[in-house]
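Have a look at the structure below, then the notes.
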Amino acid sequence: MKKRSKHKSPYRIGDHLEVTISDMTRRGEGVGHVQGQALFVDGAVVGETVEVELTAVKQQYLKGKMSQILADSKNRKTPDCPAFPKCGGCQWLHLTASCENELKRQTVINAFKHIGGLTDVAEKVRSTIGMEQPIRYRNKAQLKVSDAGIGFFQKGSHAVVPIGDCLNQKRPLGPVLAVCRKWMAALKLTPYDEKSRRGNVRGFLLRTNRQGDVMVVPVVSHDLSSEQKRQTVQIFEGLPQLKSLMLNIHTKPNNRVLGTKTELLAGEAFIEEGLCGYTFNISPQSFFQVNTIQAEKLYEKAKGYATLTGKETLWDLYCGTGTIGICMAKDAGRVLGVEIVPEAVEDARKNAKRNHIQNISFICGKAEDVMPEQIRQGSRADVAVVDPPRKGCARTLLDSLIACRIPKIVYVSCDPATLARDVGILKKAGYELIEATPVNMFPGTGHVETVALMSKKK
C-alpha cells in the first residue's frame, strides 16, 4: 500500500511575501495568513502590512522575519527599553496600551471558544482592567548570571542578556547590580554553568515593596564559609534601604530559581507589603502577586464576584500566603485556606494573626487531596475561590467541587488556556460562566490574568 504523499508547500526559505498582520502570539510574533497557512513574523504588529523573508517552512505554518513595513499600524509604539526585544522578559513592549488590553481580552475569548467549547461568550468577557502607568510595577526580580554579566535570559534561550536596569522593576536596578558585581569580585565567585555544573553563583532573587525596602537573596551552588558570609554582609549592607539579606543554597542540577535551604544573613527574614488595607509578610519562597497595584484591582473584582454577606463559608484553594482569603475574611462567616507549600502556610498564619483575622484557618497539603477528605467529613462551602498555578486545577479538585454542588466558584487564573479547559469541565457538570474579567498584571508581556465567576445552575 502506497503512503499518502504529504502536501508540498509552494514556499521556500528565503522567499519574500507580503502579509497583513491580524493577531499576535504571546511570544510577541505577529500572525498573518497566506493561502490558508499561518505566518508568524517576529517584530510585526497587528494591523500592519509587512514584507517578510521566510525563515522556516513547515507543513502547518510558516515563520519569517520582517524586511520592511509596507503599511503602518496605529498599534505600534517605540519601546522604552534598550534591551527589547533581545531580552526575553517582555514580548509586547512595541504595542500601545489600548491594543495590548484588547488583545488580552480576545485571548481570553478565544480560549473560552476553542478550548472550553463555550458559545456566545464575547459579551461575558469584560474589558481588560489596564494599568494607568504601566511602568515600574514589579516587586520581584529573578536575575541570572553568566560570564556575560547579570541580567535576564535572552528570548528563547538560556543565554544571559546583561542589563543596566529594568523599567518593569519598582526600583532602579543599577545600585543593586553594582553591589552584586562587587560581591562576586571580592569573594572571587564565578557564574554557575548549567551544562558543566561548575561555578558558584546561580543568580539573585530581589524583592521590594511600595516603601522601597529591599530584600536580596544571592543563590549559590554550595554553602559559603563563615568568613565569606561575614564579607557578604559587609558588602551588601552598603545598599540603601536593605531590609533583608538572605543566602539560598541550591545544590541540585535543576533550573528552579531557589534551592531548599535559605539562611538569614542580616535584617529580617521578610519584607512587608500593604494590599487592600492589610499588611503581609513576604519571604523569599512566598507566592505574592508581583504587581501590587493591579493585584488590588484583581482581588476587588474577585471579591465582587463572591458577593459575600458575612454568613458564608469560603474555601480559598491554592491560597499561597493567604492574601485572597484574608482580604475577603471580614465579609465572610468562615474561611478555610489550603496550600501545598509549608513556608507559604506558615506565612499565611502569621499574616492572619498580624491582621487580627480570627475567622480563617489554613491546611497544608494538595488542594486536590485535602478537599475530598474535608467533604467526606461533612465540610461544605457557599463559595470557593481557586487560584491555581499555570497548569490549572487538578481534575480531582474540580470533581470534588462538583460533587458537593458548591453554588459559586470564583476562578483566578494566570493562564487562559487552562482556565478555559476547567470552565469547560465545570460547564458540562452544570455550571454556567456568568462573567470573566481580564486584568493586565504584566504590561508589556503576553501574559494575562483573569478572574471568572461560575455559578451552579438550579
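Ligands are numbered from 1 in the order shown, residues from 1 within each chain, and chains are lettered A, B, ... in the order they appear in the C-alpha cells.
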Can you write out as CSV which residues of region 104-179 of chain A fall within 10 Å of region 220-240 of chain A, alongside each residue's closest atom pair and its distance in Å to one decimal, counting only C-alpha atoms and ordering rows by chain and ascending residue number?
```
residue,atom,partner,partner_atom,distance
A:Pro175,CA,A:Leu239,CA,7.3
A:Val176,CA,A:Leu239,CA,7.0
A:Ala178,CA,A:Leu239,CA,9.6
A:Val179,CA,A:Phe236,CA,6.5
```
Next, dump the selected residues to file, keeping only C-alpha atoms, as a tab-separated table (two decimals), in the first residue's frame.
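That gives us selection_1.tsv:
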```
chain	number	residue	atom	x	y	z
A	175	PRO	CA	22.69	50.20	42.55
A	176	VAL	CA	21.76	46.57	43.27
A	178	ALA	CA	26.71	47.22	41.17
A	179	VAL	CA	26.76	45.66	44.66
```
message = Give me, as a list in words, all polymer residues having an atom no more than 10 Å from Met441 (chain A), counting only C-alpha atoms and skipping those fewer than 2 positions away in the same chain.
response =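 Those residues are Ile129, Gly130, Met131, Pro134, Tyr137, Arg138, Gln289, Val290, Asn291, Thr292, Ile293, Gln294, Ala295, Lys297, Leu298, Cys414, Pro438, Val439, Pro443, Gly444, Thr445, His447, Val448, Glu449 and Thr450 of chain A.
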key: Pick from A:Ala436, A:Tyr278, A:Lys261, A:Phe442, whichever lies nearest to Arg126 (chain A) using only C-alpha atoms   =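 Residue with the minimum atom-to-atom distance to Arg126 (chain A): A:Ala436.
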Contacts of Met215 (chain A) at 6 Å (only C-alpha atoms; same-chain gap of 6+ positions) as a list in words =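 Residues meeting the cut-off are Leu206, Arg207, Lys243, Ser244 and Leu245 of chain A.
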Could those selected residues go to a file with C-alpha atoms, as a PDB file, in the first residue's frame?
```pdb
ATOM      1  CA  LEU A 206      15.254  40.545  44.607  1.00  0.00           C
ATOM      2  CA  ARG A 207      12.047  41.683  46.284  1.00  0.00           C
ATOM      3  CA  LYS A 243      15.820  45.244  54.949  1.00  0.00           C
ATOM      4  CA  SER A 244      16.650  41.598  54.333  1.00  0.00           C
ATOM      5  CA  LEU A 245      19.788  39.767  53.197  1.00  0.00           C
TER       6      LEU A 245
END
```
query = Quick one: DSSP alpha helix (DSSP H) residues in region 15-148 of chain A, as a ChimeraX atom specification?
reply = /A:97-114
Write a file of the selected residues as a PDB file, in the first residue's frame, keeping N, CA and C atoms.
```
ATOM      1  N   ALA A  97      -0.874  50.578  24.750  1.00  0.00           N
ATOM      2  CA  ALA A  97      -1.602  50.004  25.878  1.00  0.00           C
ATOM      3  C   ALA A  97      -3.003  49.567  25.478  1.00  0.00           C
ATOM      4  N   SER A  98      -3.689  50.379  24.661  1.00  0.00           N
ATOM      5  CA  SER A  98      -5.054  50.032  24.258  1.00  0.00           C
ATOM      6  C   SER A  98      -5.075  48.773  23.414  1.00  0.00           C
ATOM      7  N   CYS A  99      -4.108  48.628  22.520  1.00  0.00           N
ATOM      8  CA  CYS A  99      -4.019  47.435  21.690  1.00  0.00           C
ATOM      9  C   CYS A  99      -3.719  46.215  22.556  1.00  0.00           C
ATOM     10  N   GLU A 100      -2.774  46.356  23.476  1.00  0.00           N
ATOM     11  CA  GLU A 100      -2.411  45.252  24.372  1.00  0.00           C
ATOM     12  C   GLU A 100      -3.603  44.773  25.181  1.00  0.00           C
ATOM     13  N   ASN A 101      -4.353  45.699  25.748  1.00  0.00           N
ATOM     14  CA  ASN A 101      -5.500  45.328  26.583  1.00  0.00           C
ATOM     15  C   ASN A 101      -6.581  44.610  25.772  1.00  0.00           C
ATOM     16  N   GLU A 102      -6.835  45.065  24.544  1.00  0.00           N
ATOM     17  CA  GLU A 102      -7.857  44.416  23.724  1.00  0.00           C
ATOM     18  C   GLU A 102      -7.386  43.038  23.260  1.00  0.00           C
ATOM     19  N   LEU A 103      -6.110  42.900  22.933  1.00  0.00           N
ATOM     20  CA  LEU A 103      -5.581  41.595  22.541  1.00  0.00           C
ATOM     21  C   LEU A 103      -5.700  40.593  23.682  1.00  0.00           C
ATOM     22  N   LYS A 104      -5.481  41.051  24.897  1.00  0.00           N
ATOM     23  CA  LYS A 104      -5.583  40.148  26.035  1.00  0.00           C
ATOM     24  C   LYS A 104      -7.032  39.724  26.267  1.00  0.00           C
ATOM     25  N   ARG A 105      -7.960  40.627  26.050  1.00  0.00           N
ATOM     26  CA  ARG A 105      -9.375  40.250  26.130  1.00  0.00           C
ATOM     27  C   ARG A 105      -9.713  39.216  25.060  1.00  0.00           C
ATOM     28  N   GLN A 106      -9.235  39.436  23.848  1.00  0.00           N
ATOM     29  CA  GLN A 106      -9.500  38.491  22.768  1.00  0.00           C
ATOM     30  C   GLN A 106      -8.851  37.135  23.032  1.00  0.00           C
ATOM     31  N   THR A 107      -7.692  37.142  23.686  1.00  0.00           N
ATOM     32  CA  THR A 107      -7.039  35.876  24.049  1.00  0.00           C
ATOM     33  C   THR A 107      -7.939  35.049  24.954  1.00  0.00           C
ATOM     34  N   VAL A 108      -8.561  35.709  25.923  1.00  0.00           N
ATOM     35  CA  VAL A 108      -9.457  35.015  26.848  1.00  0.00           C
ATOM     36  C   VAL A 108     -10.703  34.519  26.109  1.00  0.00           C
ATOM     37  N   ILE A 109     -11.279  35.351  25.263  1.00  0.00           N
ATOM     38  CA  ILE A 109     -12.468  34.956  24.494  1.00  0.00           C
ATOM     39  C   ILE A 109     -12.166  33.743  23.619  1.00  0.00           C
ATOM     40  N   ASN A 110     -11.044  33.798  22.908  1.00  0.00           N
ATOM     41  CA  ASN A 110     -10.683  32.703  22.009  1.00  0.00           C
ATOM     42  C   ASN A 110     -10.449  31.402  22.775  1.00  0.00           C
ATOM     43  N   ALA A 111      -9.846  31.509  23.951  1.00  0.00           N
ATOM     44  CA  ALA A 111      -9.615  30.305  24.761  1.00  0.00           C
ATOM     45  C   ALA A 111     -10.947  29.686  25.186  1.00  0.00           C
ATOM     46  N   PHE A 112     -11.880  30.517  25.643  1.00  0.00           N
ATOM     47  CA  PHE A 112     -13.197  30.009  26.032  1.00  0.00           C
ATOM     48  C   PHE A 112     -13.892  29.317  24.857  1.00  0.00           C
ATOM     49  N   LYS A 113     -13.768  29.890  23.666  1.00  0.00           N
ATOM     50  CA  LYS A 113     -14.433  29.321  22.489  1.00  0.00           C
ATOM     51  C   LYS A 113     -13.779  28.019  22.041  1.00  0.00           C
ATOM     52  N   HIS A 114     -12.461  28.052  21.830  1.00  0.00           N
ATOM     53  CA  HIS A 114     -11.785  26.944  21.173  1.00  0.00           C
ATOM     54  C   HIS A 114     -11.347  25.834  22.123  1.00  0.00           C
TER      55      HIS A 114
END
```
key: Shell of 12 Å around Gly43 (chain A), only C-alpha atoms, local chain residues under 6 positions omitted, as a PyMOL selection string   = chain A and resi 21+24-25+27-31+50-52+63-69+76-79+84-86+91-95
Could the residues in this selection be written to a file with C-alpha atoms, as a tab-separated table (two decimals), in the first residue's frame?
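again_4.tsv, written as the output of this step:
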```
chain	number	residue	atom	x	y	z
A	21	ILE	CA	-0.94	41.02	10.47
A	24	MET	CA	-0.29	38.46	17.97
A	25	THR	CA	1.15	35.47	19.81
A	27	ARG	CA	5.68	35.32	22.38
A	28	GLY	CA	5.42	38.66	20.57
A	29	GLU	CA	5.12	37.42	16.98
A	30	GLY	CA	2.69	38.96	14.54
A	31	VAL	CA	0.32	36.48	12.88
A	50	VAL	CA	4.70	43.88	6.06
A	51	GLU	CA	7.18	42.28	3.71
A	52	VAL	CA	8.51	39.06	5.20
A	63	LYS	CA	7.84	31.66	10.03
A	64	GLY	CA	9.64	34.74	8.87
A	65	LYS	CA	11.48	37.93	9.74
A	66	MET	CA	10.19	41.34	8.82
A	67	SER	CA	12.03	43.02	5.94
A	68	GLN	CA	10.04	46.25	5.90
A	69	ILE	CA	6.72	47.77	6.93
A	76	ARG	CA	2.82	50.25	17.22
A	77	LYS	CA	4.85	52.34	19.67
A	78	THR	CA	8.56	52.80	20.26
A	79	PRO	CA	9.74	50.62	23.17
A	84	PHE	CA	13.94	44.88	23.90
A	85	PRO	CA	13.41	42.55	22.06
A	86	LYS	CA	16.63	40.66	22.79
A	91	GLN	CA	7.21	40.42	24.41
A	92	TRP	CA	4.78	43.27	23.72
A	93	LEU	CA	6.68	46.46	24.53
A	94	HIS	CA	6.14	47.62	20.93
A	95	LEU	CA	2.33	47.66	21.35
```
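Minimum atom-to-atom distances from A:Thr321, A:Ser146, A:Thr49, A:Gln35 to Ser22 (chain A) were compared using only C-alpha atoms, and the lowest value belongs to A:Thr49.
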message = What's the separation between CA of Leu398 (chain A) and CA of Cys364 (chain A), in Å to one decimal place?
response =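 Between CA of Leu398 (chain A) and CA of Cys364 (chain A) the gap works out to 18.6 Å.
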task = Give me the residues within 10 Å of Ala352 (chain A) as a PyMOL selection string, counting only C-alpha atoms and dropping any in the same chain fewer than 2 places off.
result = chain A and resi 278-280+321-323+325-327+329+347-350+354-362
Among the residues of region 179-212 of chain A, find those DSSP assigns to strand (DSSP E or B) from the backbone and print them as a PDB file with N, CA and C atoms, in the first residue's frame.
```pdb
ATOM      1  N   PRO A 191      30.193  32.589  37.856  1.00  0.00           N
ATOM      2  CA  PRO A 191      28.835  32.190  37.485  1.00  0.00           C
ATOM      3  C   PRO A 191      28.714  30.669  37.380  1.00  0.00           C
ATOM      4  N   ASP A 193      27.490  27.314  35.713  1.00  0.00           N
ATOM      5  CA  ASP A 193      27.187  26.876  34.360  1.00  0.00           C
ATOM      6  C   ASP A 193      26.296  25.632  34.419  1.00  0.00           C
ATOM      7  N   ARG A 198      29.565  23.689  37.024  1.00  0.00           N
ATOM      8  CA  ARG A 198      30.666  24.327  37.734  1.00  0.00           C
ATOM      9  C   ARG A 198      30.330  25.797  37.956  1.00  0.00           C
ATOM     10  N   VAL A 201      27.754  31.068  41.606  1.00  0.00           N
ATOM     11  CA  VAL A 201      26.563  31.914  41.726  1.00  0.00           C
ATOM     12  C   VAL A 201      25.558  31.563  40.631  1.00  0.00           C
ATOM     13  N   ARG A 202      24.350  31.172  41.056  1.00  0.00           N
ATOM     14  CA  ARG A 202      23.304  30.792  40.107  1.00  0.00           C
ATOM     15  C   ARG A 202      22.400  31.969  39.758  1.00  0.00           C
ATOM     16  N   GLY A 203      22.355  32.981  40.624  1.00  0.00           N
ATOM     17  CA  GLY A 203      21.518  34.138  40.342  1.00  0.00           C
ATOM     18  C   GLY A 203      21.233  34.935  41.598  1.00  0.00           C
ATOM     19  N   PHE A 204      20.322  35.902  41.469  1.00  0.00           N
ATOM     20  CA  PHE A 204      19.914  36.748  42.595  1.00  0.00           C
ATOM     21  C   PHE A 204      18.395  36.904  42.553  1.00  0.00           C
ATOM     22  N   LEU A 205      17.760  36.687  43.696  1.00  0.00           N
ATOM     23  CA  LEU A 205      16.346  36.984  43.830  1.00  0.00           C
ATOM     24  C   LEU A 205      16.210  38.311  44.565  1.00  0.00           C
ATOM     25  N   LEU A 206      15.469  39.237  43.996  1.00  0.00           N
ATOM     26  CA  LEU A 206      15.254  40.545  44.607  1.00  0.00           C
ATOM     27  C   LEU A 206      13.764  40.744  44.851  1.00  0.00           C
ATOM     28  N   ARG A 207      13.424  41.287  45.989  1.00  0.00           N
ATOM     29  CA  ARG A 207      12.047  41.683  46.284  1.00  0.00           C
ATOM     30  C   ARG A 207      12.072  43.088  46.857  1.00  0.00           C
ATOM     31  N   THR A 208      10.997  43.819  46.586  1.00  0.00           N
ATOM     32  CA  THR A 208      10.875  45.149  47.158  1.00  0.00           C
ATOM     33  C   THR A 208       9.397  45.414  47.441  1.00  0.00           C
TER      34      THR A 208
END
```
note = CA of Asp415 (chain A) to CA of Asn440 (chain A) measures 12.2 Å
